[in-house]
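Asker: I am sharing structure.cif, which consists of mmCIF, C-alpha atoms and all ligand atoms:
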```
data_start
loop_
_atom_site.label_atom_id
_atom_site.label_comp_id
_atom_site.auth_asym_id
_atom_site.auth_seq_id
_atom_site.Cartn_x
_atom_site.Cartn_y
_atom_site.Cartn_z
CA MET Q 1 112.42 66.52 82.05
CA TYR Q 2 112.90 67.60 85.68
CA LYS Q 3 116.20 66.21 86.96
CA PRO Q 4 116.69 66.38 90.74
CA ASN Q 5 120.00 67.72 92.06
CA PRO Q 6 122.15 64.86 93.43
CA VAL Q 7 122.61 66.93 96.61
CA PRO Q 8 119.83 69.41 97.54
CA ARG Q 9 120.82 72.96 96.57
CA VAL Q 10 119.86 76.21 98.30
CA ALA Q 11 120.24 79.79 97.08
CA ALA Q 12 121.17 81.57 100.33
CA ILE Q 13 120.42 85.30 100.06
CA HIS Q 14 122.04 86.85 103.16
CA ASP Q 15 124.81 89.24 104.14
CA LEU Q 16 128.38 88.15 104.79
CA SER Q 17 129.53 89.53 108.15
CA GLY Q 18 133.19 88.67 108.60
CA PHE Q 19 133.16 88.47 112.39
CA GLY Q 20 130.43 87.62 114.89
CA ARG Q 21 128.82 84.42 113.62
CA SER Q 22 125.63 85.50 111.91
CA SER Q 23 124.06 85.18 108.47
CA LEU Q 24 126.27 83.46 105.83
CA THR Q 25 128.96 82.44 108.33
CA THR Q 26 126.31 80.33 110.07
CA VAL Q 27 124.05 79.45 107.10
CA ILE Q 28 126.81 77.86 104.99
CA PRO Q 29 128.37 75.56 107.62
CA ILE Q 30 124.96 74.43 108.90
CA LEU Q 31 123.58 73.55 105.47
CA SER Q 32 126.86 71.89 104.43
CA THR Q 33 126.91 69.77 107.59
CA MET Q 34 123.34 68.71 106.82
CA GLY Q 35 124.45 67.51 103.38
CA ILE Q 36 123.01 70.46 101.47
CA GLN Q 37 124.79 72.72 98.99
CA ALA Q 38 124.57 76.41 99.96
CA CYS Q 39 125.05 78.88 97.09
CA PRO Q 40 125.45 82.35 98.61
CA VAL Q 41 123.96 85.50 97.12
CA PRO Q 42 125.67 88.12 99.31
CA THR Q 43 123.35 91.07 99.95
CA ALA Q 44 126.03 93.10 101.73
CA ILE Q 45 129.51 92.60 103.13
CA LEU Q 46 130.19 93.82 106.66
CA SER Q 47 133.26 93.69 108.84
CA THR Q 48 131.01 92.49 111.71
CA HIS Q 49 127.25 92.16 112.22
CA THR Q 50 125.51 95.27 113.56
CA SER Q 51 124.53 94.06 117.03
CA GLU Q 52 126.73 95.55 119.78
CA PHE Q 53 129.56 96.38 117.37
CA LYS Q 54 130.17 100.02 116.47
CA ASN Q 55 131.96 101.57 113.45
CA TYR Q 56 131.52 98.41 111.37
CA HIS Q 57 132.25 98.70 107.66
CA PHE Q 58 129.14 98.06 105.54
CA VAL Q 59 129.31 97.48 101.77
CA ASP Q 60 125.82 97.41 100.27
CA LEU Q 61 125.77 95.11 97.22
CA THR Q 62 122.31 96.11 95.94
CA ASP Q 63 123.73 97.43 92.66
CA GLU Q 64 125.70 94.24 92.03
CA LEU Q 65 122.97 91.68 92.56
CA ASP Q 66 121.24 91.97 89.18
CA SER Q 67 124.43 91.06 87.29
CA PHE Q 68 125.05 88.26 89.74
CA ILE Q 69 121.56 86.87 89.22
CA ASN Q 70 121.64 87.33 85.44
CA HIS Q 71 124.74 85.14 85.26
CA TRP Q 72 123.02 82.40 87.27
CA LYS Q 73 119.99 82.70 84.99
CA SER Q 74 122.19 82.18 81.95
CA LEU Q 75 123.48 79.00 83.60
CA ALA Q 76 119.87 77.83 84.25
CA ILE Q 77 120.75 76.79 87.80
CA SER Q 78 117.97 74.91 89.57
CA PHE Q 79 117.45 75.37 93.33
CA ASP Q 80 115.60 73.06 95.72
CA ALA Q 81 115.17 75.99 98.10
CA ILE Q 82 115.52 79.75 98.09
CA TYR Q 83 116.30 81.09 101.53
CA SER Q 84 116.61 84.81 102.29
CA GLY Q 85 117.60 86.61 105.50
CA PHE Q 86 119.15 89.98 106.31
CA LEU Q 87 118.85 92.44 103.43
CA GLY Q 88 121.08 95.46 102.90
CA SER Q 89 118.49 97.96 101.60
CA ALA Q 90 114.76 98.39 100.91
CA ARG Q 91 115.42 98.24 97.16
CA GLN Q 92 117.00 94.82 97.66
CA VAL Q 93 113.61 93.39 98.55
CA ASP Q 94 112.58 93.88 94.90
CA THR Q 95 115.73 92.09 93.79
CA VAL Q 96 114.92 89.11 96.01
CA LYS Q 97 111.33 89.07 94.73
CA ARG Q 98 112.66 88.97 91.19
CA PHE Q 99 115.05 86.20 92.17
CA ILE Q 100 112.15 84.13 93.51
CA SER Q 101 110.08 84.67 90.34
CA ASP Q 102 113.04 83.92 88.06
CA PHE Q 103 114.13 80.73 89.84
CA LYS Q 104 110.70 79.42 90.86
CA ARG Q 105 110.11 75.76 90.03
CA GLU Q 106 108.09 72.74 91.16
CA ASN Q 107 109.17 70.93 94.33
CA GLN Q 108 110.88 73.92 95.84
CA ILE Q 109 110.70 75.61 99.25
CA VAL Q 110 110.94 79.39 99.56
CA VAL Q 111 112.00 80.36 103.08
CA VAL Q 112 112.01 84.02 104.10
CA ASP Q 113 113.47 84.97 107.46
CA PRO Q 114 112.31 88.58 107.82
CA VAL Q 115 115.40 89.81 109.71
CA LEU Q 116 114.30 93.16 111.14
CA GLY Q 117 115.00 93.27 114.87
CA ASP Q 118 114.83 91.58 118.25
CA ASP Q 119 113.91 92.33 121.85
CA GLY Q 120 111.34 94.95 120.85
CA GLU Q 121 113.72 96.97 118.66
CA THR Q 122 114.79 97.11 115.02
CA TYR Q 123 118.44 96.39 114.12
CA ASP Q 124 120.76 99.33 113.43
CA THR Q 125 120.42 99.42 109.61
CA ILE Q 126 116.69 98.57 109.40
CA THR Q 127 114.36 101.41 108.34
CA MET Q 128 110.55 101.53 108.41
CA GLU Q 129 110.65 101.40 104.60
CA MET Q 130 112.42 98.03 104.89
CA VAL Q 131 109.81 96.79 107.35
CA ASN Q 132 107.03 97.70 104.91
CA GLN Q 133 108.89 96.16 101.97
CA MET Q 134 109.58 92.96 103.91
CA GLU Q 135 105.82 92.39 104.19
CA SER Q 136 105.56 92.03 100.41
CA LEU Q 137 108.47 89.58 100.37
CA THR Q 138 106.94 87.34 103.04
CA ALA Q 139 103.89 87.09 100.75
CA MET Q 140 106.00 85.12 98.24
CA ALA Q 141 107.34 82.65 100.81
CA ASP Q 142 106.22 79.12 101.68
CA VAL Q 143 107.80 79.38 105.13
CA ILE Q 144 108.51 82.48 107.25
CA THR Q 145 110.36 82.54 110.58
CA PRO Q 146 109.99 85.91 112.34
CA ASN Q 147 110.84 86.25 116.03
CA ALA Q 148 108.18 87.86 118.25
CA THR Q 149 109.51 91.39 117.54
CA GLU Q 150 109.55 90.82 113.77
CA ALA Q 151 106.06 89.27 113.81
CA ALA Q 152 104.75 92.38 115.58
CA LEU Q 153 106.50 94.71 113.12
CA LEU Q 154 105.06 92.82 110.13
CA LEU Q 155 101.57 92.97 111.65
CA LYS Q 156 101.88 96.65 112.68
CA GLU Q 157 101.47 95.65 116.31
CA SER Q 158 103.54 97.03 119.15
CA PRO Q 159 106.97 95.27 119.10
CA ASP Q 160 107.60 95.63 122.83
CA LEU Q 161 104.54 94.05 124.44
CA PRO Q 162 104.95 92.85 128.04
CA ASN Q 163 105.48 89.10 128.44
CA ASP Q 164 101.99 88.56 129.88
CA ALA Q 165 100.41 89.84 126.65
CA PHE Q 166 101.41 86.60 124.88
CA THR Q 167 98.23 84.59 125.53
CA SER Q 168 97.55 81.61 123.28
CA GLU Q 169 94.72 83.63 121.65
CA LEU Q 170 97.11 86.42 120.71
CA ILE Q 171 99.75 83.99 119.41
CA LYS Q 172 97.23 82.07 117.27
CA ASP Q 173 95.78 85.33 115.95
CA TRP Q 174 99.26 86.51 114.89
CA LEU Q 175 100.10 83.16 113.25
CA VAL Q 176 96.86 83.08 111.25
CA ARG Q 177 97.10 86.73 110.22
CA LEU Q 178 100.67 86.23 109.00
CA SER Q 179 99.65 83.11 107.05
CA LYS Q 180 96.85 85.08 105.33
CA THR Q 181 99.51 87.23 103.68
CA GLY Q 182 100.72 84.14 101.76
CA PRO Q 183 103.00 81.59 103.48
CA GLU Q 184 101.85 78.01 104.05
CA ILE Q 185 103.92 77.72 107.22
CA VAL Q 186 104.39 80.52 109.76
CA ILE Q 187 106.86 80.01 112.60
CA ILE Q 188 107.34 82.56 115.40
CA THR Q 189 110.39 82.18 117.65
CA SER Q 190 111.30 83.66 121.05
CA ILE Q 191 107.77 83.81 122.46
CA PRO Q 192 107.61 84.34 126.23
CA VAL Q 193 105.63 81.72 128.20
CA ILE Q 194 103.22 83.40 130.65
CA GLY Q 195 103.97 82.53 134.27
CA ARG Q 196 107.07 80.50 133.30
CA PRO Q 197 109.94 83.00 133.09
CA LYS Q 198 112.45 80.17 132.64
CA LEU Q 199 110.78 78.99 129.41
CA SER Q 200 110.54 80.34 125.91
CA SER Q 201 108.58 78.86 123.04
CA VAL Q 202 108.55 78.48 119.29
CA VAL Q 203 105.12 78.20 117.69
CA ALA Q 204 104.07 77.27 114.18
CA TYR Q 205 100.95 77.18 112.02
CA GLU Q 206 100.36 75.04 108.95
CA LYS Q 207 97.69 76.71 106.84
CA THR Q 208 96.38 73.73 104.86
CA SER Q 209 95.98 71.36 107.82
CA ARG Q 210 95.12 74.28 110.17
CA ARG Q 211 97.34 72.78 112.83
CA PHE Q 212 99.24 74.78 115.44
CA TRP Q 213 102.45 73.39 116.94
CA GLN Q 214 104.59 74.40 119.87
CA VAL Q 215 108.05 73.50 121.18
CA GLN Q 216 109.09 74.92 124.53
CA CYS Q 217 112.68 75.30 125.63
CA THR Q 218 114.62 76.60 128.59
CA TYR Q 219 115.15 80.33 128.40
CA ILE Q 220 118.83 81.11 128.96
CA PRO Q 221 119.36 84.70 130.10
CA ALA Q 222 121.97 85.70 127.53
CA TYR Q 223 121.44 87.25 124.15
CA PHE Q 224 123.70 85.86 121.42
CA PRO Q 225 123.36 87.45 117.96
CA GLY Q 226 122.91 85.03 115.07
CA THR Q 227 120.74 82.46 116.83
CA GLY Q 228 117.81 83.35 114.56
CA ASP Q 229 119.96 82.60 111.50
CA ILE Q 230 121.00 79.30 113.06
CA PHE Q 231 117.38 78.38 113.81
CA THR Q 232 116.12 79.08 110.28
CA SER Q 233 119.11 77.37 108.65
CA VAL Q 234 118.45 74.13 110.58
CA MET Q 235 114.74 74.49 109.81
CA THR Q 236 115.45 74.87 106.07
CA GLY Q 237 117.85 71.92 106.11
CA SER Q 238 115.41 69.70 108.01
CA LEU Q 239 112.46 70.51 105.73
CA LEU Q 240 114.63 69.88 102.66
CA ARG Q 241 115.61 66.54 104.15
CA GLY Q 242 111.88 65.69 104.19
CA GLN Q 243 111.24 65.96 107.93
CA SER Q 244 107.77 66.85 109.18
CA LEU Q 245 107.18 70.39 110.46
CA PRO Q 246 107.07 69.43 114.18
CA ILE Q 247 110.23 67.29 113.96
CA ALA Q 248 112.00 70.08 112.05
CA LEU Q 249 110.94 72.52 114.80
CA ASP Q 250 112.23 70.19 117.50
CA ARG Q 251 115.54 69.69 115.71
CA SER Q 252 116.03 73.45 115.23
CA VAL Q 253 115.11 74.35 118.83
CA GLN Q 254 117.35 71.60 120.19
CA PHE Q 255 120.30 72.67 118.09
CA VAL Q 256 120.02 76.36 119.07
CA THR Q 257 119.70 75.31 122.73
CA GLN Q 258 122.79 73.07 122.47
CA ALA Q 259 124.73 75.92 120.86
CA ILE Q 260 123.70 78.41 123.57
CA ARG Q 261 124.46 75.92 126.37
CA ALA Q 262 127.87 75.11 124.89
CA SER Q 263 128.63 78.86 124.88
CA PHE Q 264 127.02 80.19 128.06
CA GLY Q 265 129.55 78.69 130.50
CA HIS Q 266 132.49 80.31 128.69
CA ASP Q 267 133.43 83.86 129.49
CA TYR Q 268 133.74 85.75 126.21
CA PRO Q 269 131.90 88.66 124.56
CA ARG Q 270 128.36 87.54 123.66
CA ARG Q 271 128.50 89.64 120.51
CA GLU Q 272 130.90 87.03 119.02
CA GLY Q 273 127.90 84.69 118.79
CA VAL Q 274 127.47 81.10 119.96
CA LEU Q 275 130.36 78.62 119.67
CA LEU Q 276 128.83 77.08 116.56
CA GLU Q 277 131.94 75.11 115.58
CA ALA Q 278 131.84 73.26 118.91
CA VAL Q 279 128.37 71.81 118.25
CA LEU Q 280 128.09 71.61 114.47
CA ASP Q 281 128.64 67.83 114.41
CA ASN Q 282 125.47 67.36 116.51
CA LEU Q 283 123.53 68.07 113.32
CA ARG Q 284 124.61 64.69 112.01
CA ALA Q 285 123.14 62.83 115.00
CA PRO Q 286 119.67 61.31 114.72
CA ILE Q 287 116.94 63.11 116.64
CA ILE Q 288 116.07 60.94 119.64
CA ASN Q 289 113.93 62.99 122.02
CA THR Q 290 111.11 65.11 120.74
CA SER Q 291 109.01 67.47 122.79
CA TYR Q 292 106.65 69.08 120.27
CA GLU Q 293 102.97 69.46 121.12
CA LEU Q 294 99.85 70.49 119.29
CA PHE Q 295 99.10 74.00 120.50
O1 LIG F 1 121.46 87.72 112.82
C1 LIG F 1 120.78 88.65 112.09
C2 LIG F 1 121.70 89.62 111.44
C3 LIG F 1 122.14 89.39 110.17
N1 LIG F 1 122.98 90.22 109.53
C4 LIG F 1 123.43 91.33 110.13
C5 LIG F 1 123.03 91.63 111.42
C6 LIG F 1 122.14 90.77 112.09
C7 LIG F 1 121.74 91.05 113.45
O2 LIG F 1 122.23 91.91 114.12
O3 LIG F 1 123.49 92.75 112.00
C8 LIG F 1 124.37 92.25 109.39
#
```
For the file at hand, write its structure as structure tokens.
Answerer:
Amino acid sequence: MYKPNPVPRVAAIHDLSGFGRSSLTTVIPILSTMGIQACPVPTAILSTHTSEFKNYHFVDLTDELDSFINHWKSLAISFDAIYSGFLGSARQVDTVKRFISDFKRENQIVVVDPVLGDDGETYDTITMEMVNQMESLTAMADVITPNATEAALLLKESPDLPNDAFTSELIKDWLVRLSKTGPEIVIITSIPVIGRPKLSSVVAYEKTSRRFWQVQCTYIPAYFPGTGDIFTSVMTGSLLRGQSLPIALDRSVQFVTQAIRASFGHDYPRREGVLLEAVLDNLRAPIINTSYELF
């Protein structure tokens, strides 16, 4: 008989970057604060993340993951969600696909954040082979959360389109095309809003109901690495807690905005990421204002 976990449990397949607040150092505290157990599957260990740090030490764990996963299989661990992010190598995509097949069960959400790049460029360690491989992983997901650059890379579109290219027709076309590859829910973050340089938007498409959603937020002119990981972690936590897609979008956008606002006024290197610890408790507050719209 299927026995639910007393606390929802997530297999979190991401790298562990020791300094800089990205991937597992954001995923674990966010899920824990939301009352969810995060079980890390570390894809790589790095001294820092790869954005604006040089000479970082990178330990690729591709060869270790099979033994790691086999042990979990022998324990018959059951996960309410499988959530993957930054991967250390193209071959690792196959490992994650196997993980999803091995641990698949009813009443489970598979979230794939196709971490590939931002601002029109791929991250330091991302190769074109990884971009192509990532496409086949997104096909196994229920929910994917690319930013605008990653959505373009997955669709073989130009990743550095000018802001005025992002018409609602183009955005809807990208959402629907991405959903045709498999996922029920496609979310694209960091979309420019034409004619409103102070705004940015997050859009989503639900395949079964064919509904498009949008949440707009103030664009703050500072790039903090790790905000994508924070967004998708709150999204995963909210969906696991049974919230509707538009409320989960609102919650995630609001939390990232709070984290950026709490950080922006302080003078410190942006590459250290947002001051997550200063705002983490906000995740326990009820959501009061919503601003989502049908799109
Ligand atoms: O935040 C995405 C991310 C995750 N992991 C590593 C990264 C980045 C972005 O730069 O370098 C190692």
Asker: Taking only C-alpha atoms and all ligand atoms into account, report as a ChimeraX atom specification which residues have an atom no farther than 8 Å from an atom of ligand LIG 1 (chain F).
Answerer: /Q:14-17,22-23,44,46,48-51,85-88,115-117,123-125,225-229
Asker: Restricting the calculation to only C-alpha atoms, which member of Q:Ala81, Q:Val186, Q:Ile220, Q:Leu61 is positioned closest to Trp174 in chain Q?
Answerer: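 Closest candidate: Q:Val186.
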Asker: Could you please determine the separation between CA of Ile126 in chain Q and CA of Thr95 in chain Q in Å, to one decimal place?
Answerer: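 Computing it gives 16.9 Å between the two atoms.
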Asker: Mind pulling up the distance from CA of Val111 in chain Q to CA of Thr145 in chain Q?
Answerer: 8.0 Å
Asker: Excluding Tyr268 in chain Q and residues on its chain fewer than 5 positions from it, collect all residues at most 12 Å away from it, counting all atoms listed in the file, and give them as an mmCIF file with C-alpha atoms, in the coordinates of the input.
Answerer:
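Listing of out-v3.cif after writing:
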```cif
data_model
loop_
_atom_site.group_PDB
_atom_site.id
_atom_site.type_symbol
_atom_site.label_atom_id
_atom_site.label_comp_id
_atom_site.auth_asym_id
_atom_site.auth_seq_id
_atom_site.Cartn_x
_atom_site.Cartn_y
_atom_site.Cartn_z
ATOM 1 C CA GLY Q 20 130.430 87.620 114.890
ATOM 2 C CA ALA Q 222 121.970 85.700 127.530
ATOM 3 C CA PHE Q 224 123.700 85.860 121.420
ATOM 4 C CA SER Q 263 128.630 78.860 124.880
ATOM 5 C CA GLY Q 273 127.900 84.690 118.790
ATOM 6 C CA VAL Q 274 127.470 81.100 119.960
ATOM 7 C CA LEU Q 275 130.360 78.620 119.670
#
```
Asker: Which residues are close to Val41 in chain Q, i.e. within 7 Å by only C-alpha atoms, leaving aside same-chain residues fewer than 6 positions away? Reply as number ranges by chain.
Answerer: Q: 11-14
Asker: Can you spit out the residues from that selection as a PDB file, keeping the file's coordinate frame, using C-alpha atoms?
Answerer:
```
ATOM      1  CA  ALA Q  11     120.240  79.790  97.080  1.00  0.00           C
ATOM      2  CA  ALA Q  12     121.170  81.570 100.330  1.00  0.00           C
ATOM      3  CA  ILE Q  13     120.420  85.300 100.060  1.00  0.00           C
ATOM      4  CA  HIS Q  14     122.040  86.850 103.160  1.00  0.00           C
TER       5      HIS Q  14
END
```
Asker: Between CA of Arg177 in chain Q and CA of Gln92 in chain Q, what is the distance in Å, rounded to a tenth?
Answerer: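 If I compute the distance from CA of Arg177 in chain Q to CA of Gln92 in chain Q, I get 24.9 Å.
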Asker: At most 12 Å is the cut-off: for each residue in range 192-286 of chain Q with any atom that close to an atom of range 137-142 of chain Q, write down the nearest atom pair and the distance in Å rounded to one decimal, counting only C-alpha atoms, chain first then increasing number, as a tab-separated table.
Answerer:
```
residue	atom	partner	partner_atom	distance
Q:Tyr205	CA	Q:Asp142	CA	11.8
Q:Glu206	CA	Q:Asp142	CA	10.2
Q:Lys207	CA	Q:Asp142	CA	10.3
Q:Thr208	CA	Q:Asp142	CA	11.7
Q:Thr236	CA	Q:Asp142	CA	11.1
Q:Leu239	CA	Q:Asp142	CA	11.4
```
Asker: Counting only C-alpha atoms, which residues have an atom no more than 12 Å from (125.4, 89.6, 89.2) in the file's coordinates? Please list them as an MDAnalysis selection string.
Answerer: chainID Q and resid 40:43 61:74 95 99
Asker: Dump C-alpha atoms for the selected residues as a CSV table (one decimal), in the frame of the given file?
Answerer:
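The file below, part.csv, is the result:
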```
chain,number,residue,atom,x,y,z
Q,40,PRO,CA,125.4,82.4,98.6
Q,41,VAL,CA,124.0,85.5,97.1
Q,42,PRO,CA,125.7,88.1,99.3
Q,43,THR,CA,123.4,91.1,100.0
Q,61,LEU,CA,125.8,95.1,97.2
Q,62,THR,CA,122.3,96.1,95.9
Q,63,ASP,CA,123.7,97.4,92.7
Q,64,GLU,CA,125.7,94.2,92.0
Q,65,LEU,CA,123.0,91.7,92.6
Q,66,ASP,CA,121.2,92.0,89.2
Q,67,SER,CA,124.4,91.1,87.3
Q,68,PHE,CA,125.0,88.3,89.7
Q,69,ILE,CA,121.6,86.9,89.2
Q,70,ASN,CA,121.6,87.3,85.4
Q,71,HIS,CA,124.7,85.1,85.3
Q,72,TRP,CA,123.0,82.4,87.3
Q,73,LYS,CA,120.0,82.7,85.0
Q,74,SER,CA,122.2,82.2,82.0
Q,95,THR,CA,115.7,92.1,93.8
Q,99,PHE,CA,115.0,86.2,92.2
```
Asker: As AutoDock Vina command-line options, what would the box around range 89-92 of chain Q look like: edges along x, y and z, 4 Å added on every side, centre and edge lengths in Å to one decimal?
Answerer:
```
--center_x 116.6 --center_y 96.6 --center_z 99.4 --size_x 11.7 --size_y 11.6 --size_z 12.4
```
Asker: For Leu294 in chain Q, find every residue with an atom within 8 Å (counting all atoms listed in the file), except residues of its own chain fewer than 4 positions away, and show them as an MDAnalysis selection string.
Answerer: chainID Q and resid 211:214
Asker: When you count all atoms listed in the file, which of these residues is closest to Leu245 in chain Q: Q:Met134, Q:Met34, Q:Ile187, Q:Leu178?
Answerer: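 Checking each candidate against Leu245 in chain Q, we get Q:Ile187 as the closest.
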Asker: Quick one: of Q:Tyr56, Q:Phe264, Q:Phe255, Q:Phe103, who's nearest to Cys217 in chain Q, counting all atoms listed in the file?
Answerer: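 Of all the options, Q:Phe255 lies closest to Cys217 in chain Q.
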Asker: Within 9 Å of (107.2, 89.4, 113.6) (coordinates as in the file), grab all the protein and nucleic acid residues, counting all atoms listed in the file, and write them out as an MDAnalysis selection string.
Answerer: chainID Q and resid 114 116:117 145:155 157 159 174 178 188:189
Asker: Nearest residue to Glu277 in chain Q out of Q:Arg251, Q:Lys172, Q:Arg21, Q:Arg9, using all atoms listed in the file?
Answerer: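 Result for the nearest residue to Glu277 in chain Q: Q:Arg21.
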Asker: Can you pull out every residue within 8 Å of Thr257 in chain Q, counting all atoms listed in the file, but drop anything in the same chain fewer than 3 positions away, and send it as number ranges by chain?
Answerer: Q: 217-218, 253-254, 260-261
Asker: Here is a test: counting all atoms listed in the file, which residue of Q:Glu52, Q:Asp80, Q:Asp102, Q:Glu272 is nearest to Gly242 in chain Q?
Answerer: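 Of all the options, Q:Asp80 lies closest to Gly242 in chain Q.
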Asker: For Arg270 in chain Q, which of Q:Ala204, Q:Cys39, Q:Val131, Q:Pro221 is the closest residue, counting all atoms listed in the file?
Answerer: Q:Pro221
